[in-house]
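Shown below: coords.txt, with compact mmCIF, C-alpha atoms.
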# COMPACT_ATOMS: atom_id res chain seq x y z
CA MET A 148 91.33 104.80 101.28
CA ASN A 149 94.82 103.49 100.46
CA LEU A 150 95.00 102.83 96.73
CA ASP A 151 98.79 102.73 96.49
CA PRO A 152 100.17 99.74 94.55
CA PRO A 153 101.47 96.92 96.75
CA ASP A 154 104.89 95.36 96.36
CA PHE A 155 105.20 93.21 93.25
CA SER A 156 107.07 89.92 92.96
CA TYR A 157 108.29 88.09 89.86
CA PHE A 158 108.37 84.60 88.42
CA MET A 159 109.61 83.09 85.17
CA HIS A 160 107.41 81.38 82.61
CA ASP A 161 107.84 80.70 78.91
CA GLY A 162 111.14 82.57 79.00
CA LEU A 163 109.50 85.72 80.33
CA ARG A 164 109.84 87.51 83.69
CA LEU A 165 106.29 88.20 84.84
CA ALA A 166 105.13 90.47 87.65
CA TYR A 167 102.36 89.85 90.16
CA PHE A 168 101.14 90.83 93.57
CA ASP A 169 99.78 88.55 96.30
CA GLU A 170 97.88 90.48 98.97
CA GLY A 171 94.93 90.24 101.33
CA ASP A 172 94.31 87.38 103.75
CA ALA A 173 96.84 84.63 103.05
CA ALA A 174 94.36 82.13 104.49
CA GLY A 175 91.42 83.48 102.48
CA GLU A 176 89.96 82.03 99.31
CA PRO A 177 92.21 83.08 96.42
CA VAL A 178 90.94 85.37 93.67
CA LEU A 179 93.17 85.68 90.60
CA LEU A 180 92.68 88.98 88.75
CA ILE A 181 93.59 89.31 85.06
CA HIS A 182 93.61 92.83 83.63
CA GLY A 183 92.64 94.17 80.23
CA PHE A 184 94.53 95.34 77.17
CA ALA A 185 96.88 98.32 77.68
CA SER A 186 96.20 98.20 81.43
CA SER A 187 98.07 96.58 84.32
CA ALA A 188 97.37 94.95 87.67
CA SER A 189 97.65 98.34 89.38
CA VAL A 190 95.57 100.30 86.85
CA ASN A 191 92.81 97.68 86.62
CA TRP A 192 92.64 96.37 90.17
CA VAL A 193 94.39 98.66 92.67
CA TYR A 194 93.45 102.20 91.64
CA PRO A 195 89.73 101.36 91.08
CA GLY A 196 89.60 99.81 94.57
CA TRP A 197 89.26 96.10 93.79
CA LEU A 198 92.25 95.09 95.90
CA LYS A 199 90.78 96.90 98.90
CA THR A 200 87.24 95.62 98.25
CA LEU A 201 88.27 91.98 97.98
CA GLY A 202 90.92 92.21 100.68
CA ASP A 203 88.48 93.76 103.16
CA ALA A 204 86.08 90.90 102.37
CA GLY A 205 88.68 88.36 103.49
CA PHE A 206 89.97 87.13 100.15
CA ARG A 207 93.55 86.42 99.13
CA VAL A 208 93.96 88.80 96.19
CA ILE A 209 96.41 87.87 93.44
CA ALA A 210 96.91 89.83 90.22
CA ILE A 211 99.28 89.36 87.30
CA ASP A 212 100.77 91.91 84.94
CA ASN A 213 100.11 90.19 81.62
CA ARG A 214 103.07 89.80 79.28
CA GLY A 215 103.56 93.08 77.41
CA HIS A 216 102.06 95.08 80.27
CA GLY A 217 102.97 96.68 83.59
CA THR A 218 106.40 95.61 84.79
CA SER A 219 106.34 92.21 83.08
CA ASP A 220 108.56 91.49 80.07
CA LYS A 221 107.33 93.00 76.82
CA PRO A 222 108.16 90.99 73.69
CA HIS A 223 107.52 92.76 70.39
CA ASP A 224 106.65 89.58 68.45
CA PRO A 225 102.89 89.24 67.87
CA ALA A 226 103.25 85.45 68.13
CA ALA A 227 103.91 85.88 71.86
CA TYR A 228 100.41 87.21 72.55
CA HIS A 229 98.00 84.48 71.55
CA VAL A 230 95.49 84.15 74.36
CA PRO A 231 96.26 80.50 75.28
CA LEU A 232 99.83 81.60 76.02
CA MET A 233 98.64 84.33 78.38
CA ALA A 234 96.23 81.88 80.00
CA GLY A 235 99.25 79.63 80.48
CA ASP A 236 100.99 82.47 82.31
CA ALA A 237 98.06 82.69 84.71
CA ALA A 238 98.10 78.93 85.33
CA ALA A 239 101.87 79.09 85.87
CA LEU A 240 101.36 81.81 88.50
CA LEU A 241 99.03 79.49 90.40
CA ASP A 242 101.72 76.80 90.14
CA HIS A 243 104.34 79.25 91.39
CA LEU A 244 102.18 80.08 94.41
CA GLY A 245 101.36 76.43 95.10
CA LEU A 246 97.64 76.98 94.55
CA PRO A 247 95.59 74.17 93.01
CA ASP A 248 92.80 76.55 91.94
CA ALA A 249 91.29 80.01 92.42
CA HIS A 250 88.31 82.15 91.64
CA VAL A 251 89.23 84.02 88.46
CA MET A 252 88.14 87.52 87.44
CA GLY A 253 89.16 89.13 84.16
CA TYR A 254 88.30 92.44 82.54
CA SER A 255 88.02 92.86 78.75
CA MET A 256 91.06 91.05 77.28
CA GLY A 257 91.49 89.61 80.76
CA ALA A 258 88.01 88.10 80.52
CA ARG A 259 89.03 86.36 77.29
CA ILE A 260 92.21 85.10 78.97
CA SER A 261 90.08 83.87 81.89
CA ALA A 262 87.83 81.93 79.52
CA PHE A 263 90.83 80.28 77.86
CA LEU A 264 92.17 79.46 81.33
CA ALA A 265 88.89 77.74 82.19
CA LEU A 266 88.91 75.82 78.90
CA GLY A 267 92.58 74.84 78.94
CA HIS A 268 92.97 74.31 82.68
CA PRO A 269 89.44 73.62 83.94
CA HIS A 270 90.55 72.15 87.27
CA ARG A 271 92.28 75.44 88.18
CA VAL A 272 89.15 77.64 88.04
CA ARG A 273 86.58 77.69 90.89
CA SER A 274 84.42 80.41 89.36
CA LEU A 275 84.60 83.12 86.70
CA ILE A 276 83.77 86.80 86.54
CA PHE A 277 83.93 88.31 83.08
CA GLY A 278 83.94 92.11 83.18
CA GLY A 279 83.74 94.26 80.07
CA LEU A 280 83.15 91.36 77.67
CA GLY A 281 79.84 89.80 76.74
CA ILE A 282 78.87 88.10 73.48
CA GLY A 283 81.90 89.79 71.93
CA MET A 284 83.74 86.83 73.45
CA ILE A 285 82.16 84.76 70.64
CA ASP A 286 81.29 87.25 67.90
CA GLY A 287 84.41 89.40 68.14
CA VAL A 288 84.73 93.01 69.18
CA GLY A 289 85.16 94.73 65.84
CA ASP A 290 88.15 95.79 63.79
CA TRP A 291 91.08 96.48 66.09
CA ASP A 292 93.75 96.99 63.43
CA PRO A 293 93.21 100.78 63.68
CA ILE A 294 94.13 100.52 67.38
CA ALA A 295 97.47 98.97 66.44
CA ASP A 296 97.98 101.73 63.88
CA ALA A 297 97.15 104.36 66.51
CA LEU A 298 99.65 102.86 68.93
CA LEU A 299 102.37 102.99 66.29
CA ALA A 300 101.60 106.55 65.16
CA THR A 301 104.34 109.11 65.76
CA SER A 302 101.95 111.35 67.68
CA ILE A 303 98.43 111.02 69.05
CA ASP A 304 97.66 114.13 67.01
CA ASP A 305 98.04 111.97 63.89
CA VAL A 306 95.31 109.56 65.04
CA THR A 307 91.81 110.14 63.63
CA HIS A 308 90.18 106.81 64.52
CA GLU A 309 88.03 107.46 67.62
CA ARG A 310 88.64 104.16 69.42
CA GLY A 311 92.28 104.21 68.33
CA LYS A 312 92.71 107.66 69.86
CA MET A 313 91.09 106.46 73.11
CA PHE A 314 93.47 103.52 73.49
CA ARG A 315 96.50 105.56 72.38
CA ALA A 316 95.69 108.15 75.05
CA PHE A 317 95.31 105.38 77.63
CA ALA A 318 98.64 103.83 76.59
CA ASP A 319 100.36 107.21 76.80
CA GLN A 320 98.80 107.86 80.21
CA THR A 321 100.06 104.53 81.56
CA LYS A 322 103.48 104.99 79.89
CA SER A 323 103.11 101.64 78.16
CA ASP A 324 105.42 100.03 75.60
CA ARG A 325 103.41 100.86 72.49
CA LEU A 326 105.32 98.40 70.27
CA ALA A 327 104.44 95.57 72.65
CA LEU A 328 100.80 96.66 72.79
CA ALA A 329 100.56 96.90 69.00
CA ALA A 330 101.93 93.35 68.78
CA CYS A 331 99.49 92.20 71.46
CA ILE A 332 96.38 93.66 69.88
CA ARG A 333 97.08 91.91 66.57
CA THR A 334 96.98 88.40 68.05
CA SER A 335 95.15 88.55 71.41
CA ARG A 336 91.66 88.24 69.92
CA ASP A 337 91.66 84.45 69.53
CA ALA A 338 88.09 83.31 69.07
CA ILE A 339 86.05 81.05 71.32
CA THR A 340 83.10 79.18 69.82
CA ALA A 341 79.66 78.97 71.34
CA GLU A 342 80.21 75.25 71.81
CA GLU A 343 83.45 75.86 73.72
CA ILE A 344 81.99 78.48 76.03
CA GLY A 345 79.11 76.08 76.68
CA ARG A 346 81.54 73.55 78.11
CA ILE A 347 82.49 75.84 81.00
CA ASP A 348 80.53 74.55 83.97
CA VAL A 349 81.74 76.67 86.90
CA PRO A 350 79.55 79.50 88.20
CA ALA A 351 80.04 82.67 86.16
CA LEU A 352 79.07 86.34 86.42
CA ILE A 353 79.19 88.47 83.26
CA ALA A 354 79.21 92.22 83.93
CA VAL A 355 79.07 94.88 81.19
CA GLY A 356 78.38 98.61 81.28
CA THR A 357 75.17 99.71 79.61
CA LYS A 358 77.16 102.29 77.59
CA ASP A 359 79.91 99.83 76.60
CA ASP A 360 80.12 99.77 72.79
CA ILE A 361 82.87 97.11 72.73
CA ALA A 362 81.79 94.19 74.91
CA GLY A 363 78.50 93.01 73.45
CA SER A 364 75.53 91.68 75.38
CA PRO A 365 76.24 89.94 78.71
CA GLN A 366 72.82 88.27 78.57
CA GLU A 367 73.57 86.62 75.22
CA LEU A 368 76.85 85.21 76.51
CA ALA A 369 75.29 84.03 79.77
CA ALA A 370 72.61 82.17 77.81
CA LEU A 371 75.32 80.04 76.17
CA MET A 372 76.87 78.97 79.48
CA ARG A 373 75.78 76.30 81.94
CA ASP A 374 75.75 78.36 85.14
CA ALA A 375 76.04 82.05 84.29
CA ARG A 376 74.22 85.20 85.18
CA ALA A 377 74.44 88.66 83.56
CA LEU A 378 74.83 92.07 85.16
CA ASP A 379 74.16 95.42 83.51
CA ILE A 380 76.41 98.09 85.05
CA PRO A 381 74.27 101.23 84.75
CA ASN A 382 75.50 104.20 82.71
CA ARG A 383 79.10 102.99 82.43
CA ASP A 384 81.22 102.67 79.29
CA HIS A 385 84.09 100.24 78.71
CA MET A 386 86.65 102.36 80.52
CA LEU A 387 84.57 103.35 83.57
CA ALA A 388 82.67 100.14 84.33
CA VAL A 389 85.66 98.39 85.87
CA GLY A 390 85.59 100.31 89.16
CA ASP A 391 81.83 100.72 89.50
CA ARG A 392 80.30 100.07 92.93
CA VAL A 393 77.41 98.10 91.38
CA PHE A 394 79.98 95.75 89.82
CA LYS A 395 81.85 95.35 93.10
CA LYS A 396 78.71 94.62 95.11
CA ALA A 397 77.58 92.06 92.54
CA ALA A 398 80.98 90.35 92.67
CA LEU A 399 80.88 90.08 96.47
CA ASP A 400 77.28 88.82 96.36
CA PHE A 401 78.32 86.27 93.71
CA TYR A 402 81.15 84.96 95.87
CA ALA A 403 78.84 84.82 98.92
CA GLU A 404 76.33 82.81 96.92
CA ILE A 405 79.04 80.34 95.90
CA ALA A 406 80.23 80.02 99.51
CA ALA A 407 76.69 79.32 100.69
CA ALA A 408 75.99 76.67 98.03

Can the structure in the file be given as structure tokens, please?
Amino acid sequence: MNLDPPDFSYFMHDGLRLAYFDEGDAAGEPVLLIHGFASSASVNWVYPGWLKTLGDAGFRVIAIDNRGHGTSDKPHDPAAYHVPLMAGDAAALLDHLGLPDAHVMGYSMGARISAFLALGHPHRVRSLIFGGLGIGMIDGVGDWDPIADALLATSIDDVTHERGKMFRAFADQTKSDRLALAACIRTSRDAITAEEIGRIDVPALIAVGTKDDIAGSPQELAALMRDARALDIPNRDHMLAVGDRVFKKAALDFYAEIAAA
């Protein structure tokens, strides 16, 4: 299996140079992938096999490096990372590619960005897959200030907060700009109300690992939406659920169901 990153291209939006890849069948239905916090298009979607899975199924597979991540520009101002701005980047990528709409899949922070994309640009979204984020979309996902502190610590050895240490290790592993990530985590948790999520009327799949202690219940979020179904990803935590074969099969079945409707 070839899990090497594809060639990335760049476009400008909101004064930032943003990276993306555009792979798979150019004539296939487009799927726009939006990665999670401290990750990248390659880490979230290439290495776990999503590019291959979707490409082999005949889709046009597009993924963005969110601002502050991957090879996109990395401002250090927290004001640059409010979720509607990142959703605007995703919409601008569709504009750049001349695409009126796409299926949209986001993981964790990327799921939140996807929801804001559907709310702010509803005509651009054919369907939604939220991975790694359930009712936490509405209720919040806990206190993340310690994660910012962990990212800014001189050494990971100085970090005692368990979740902070996990994300610091992930950021170090991916050689991320920790100042940009610390800025991002302070402002990228913009809330969505139950009433707002209830306005989203495209088909949605909400997939969360059964050992995920961040995301919250996928069933509770699905119950607030007009056309959503929940998926429990067995025995997976927040970090490992993204590449799970149960998740991939459910996504392909979801897209097949939409195509058949």

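Nearest-residue note for Ser186 (chain A): choosing from A:Arg214, A:Arg271, A:Lys312, A:Arg164, the minimum distance belongs to A:Arg214, counting all atoms listed in the file.
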
Open item on the list: So, with only C-alpha atoms as the atoms that count, which of A:Thr357, A:Ser187, A:Thr334, A:Asn382 lies closest to Tyr228 (chain A)?
Closed with: A:Thr334

Open item on the list: I'd like to know which of A:Ala185, A:Asp151, A:Asp242, A:Leu180 is closest to Asp319 (chain A), using all atoms listed in the file.
Closed with: A:Ala185

Do a neighbour search on Leu368 (chain A) at 8 Å with all atoms listed in the file, toss out local chain neighbours closer than 2 positions, and write the hits as a JSON list (two decimals) with C-alpha atoms, keeping the file's coordinate frame.
[["chain", "number", "residue", "atom", "x", "y", "z"],
["A", 281, "GLY", "CA", 79.84, 89.80, 76.74],
["A", 282, "ILE", "CA", 78.87, 88.10, 73.48],
["A", 284, "MET", "CA", 83.74, 86.83, 73.45],
["A", 285, "ILE", "CA", 82.16, 84.76, 70.64],
["A", 353, "ILE", "CA", 79.19, 88.47, 83.26],
["A", 364, "SER", "CA", 75.53, 91.68, 75.38],
["A", 365, "PRO", "CA", 76.24, 89.94, 78.71],
["A", 366, "GLN", "CA", 72.82, 88.27, 78.57],
["A", 370, "ALA", "CA", 72.61, 82.17, 77.81],
["A", 371, "LEU", "CA", 75.32, 80.04, 76.17],
["A", 372, "MET", "CA", 76.87, 78.97, 79.48]]

Task: Using only C-alpha atoms: which of A:Leu246, A:Pro269, A:Glu342, A:Leu352 has the shortest distance to Arg207 (chain A) - done: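 Going through A:Leu246, A:Pro269, A:Glu342, A:Leu352 one by one, the smallest distance to Arg207 (chain A) is for A:Leu246.
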
Task: Neighbour list for region 158-160 of chain A as a PyMOL selection string, cut-off 9 Å, all atoms listed in the file, skip fewer than 5 positions in-chain - done: chain A and resi 165-167+235-236+239-240+243

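Note that the spacing between CA of Ser189 (chain A) and CA of Gly253 (chain A) amounts to 13.6 Å.
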
Open item on the list: Measuring between only C-alpha atoms, which one of A:Pro195, A:Gly345, A:Gly278, A:Pro152 shows the shortest distance to Leu378 (chain A)?
Closed with: A:Gly278

Open item on the list: Taking 4 positions as the minimum chain separation for residues in the same chain, which residues sit within 8 Å of Ala210 (chain A) when counting all atoms listed in the file? Answer as an MDAnalysis selection string.
Closed with: chainID A and resid 167:169 179:182 188 192

- [ ] State, in Å with one decimal place, the distance from CA of Val230 (chain A) to CA of Phe263 (chain A).
- [x]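 Straight-line distance from CA of Val230 (chain A) to CA of Phe263 (chain A) works out to 7.0 Å.
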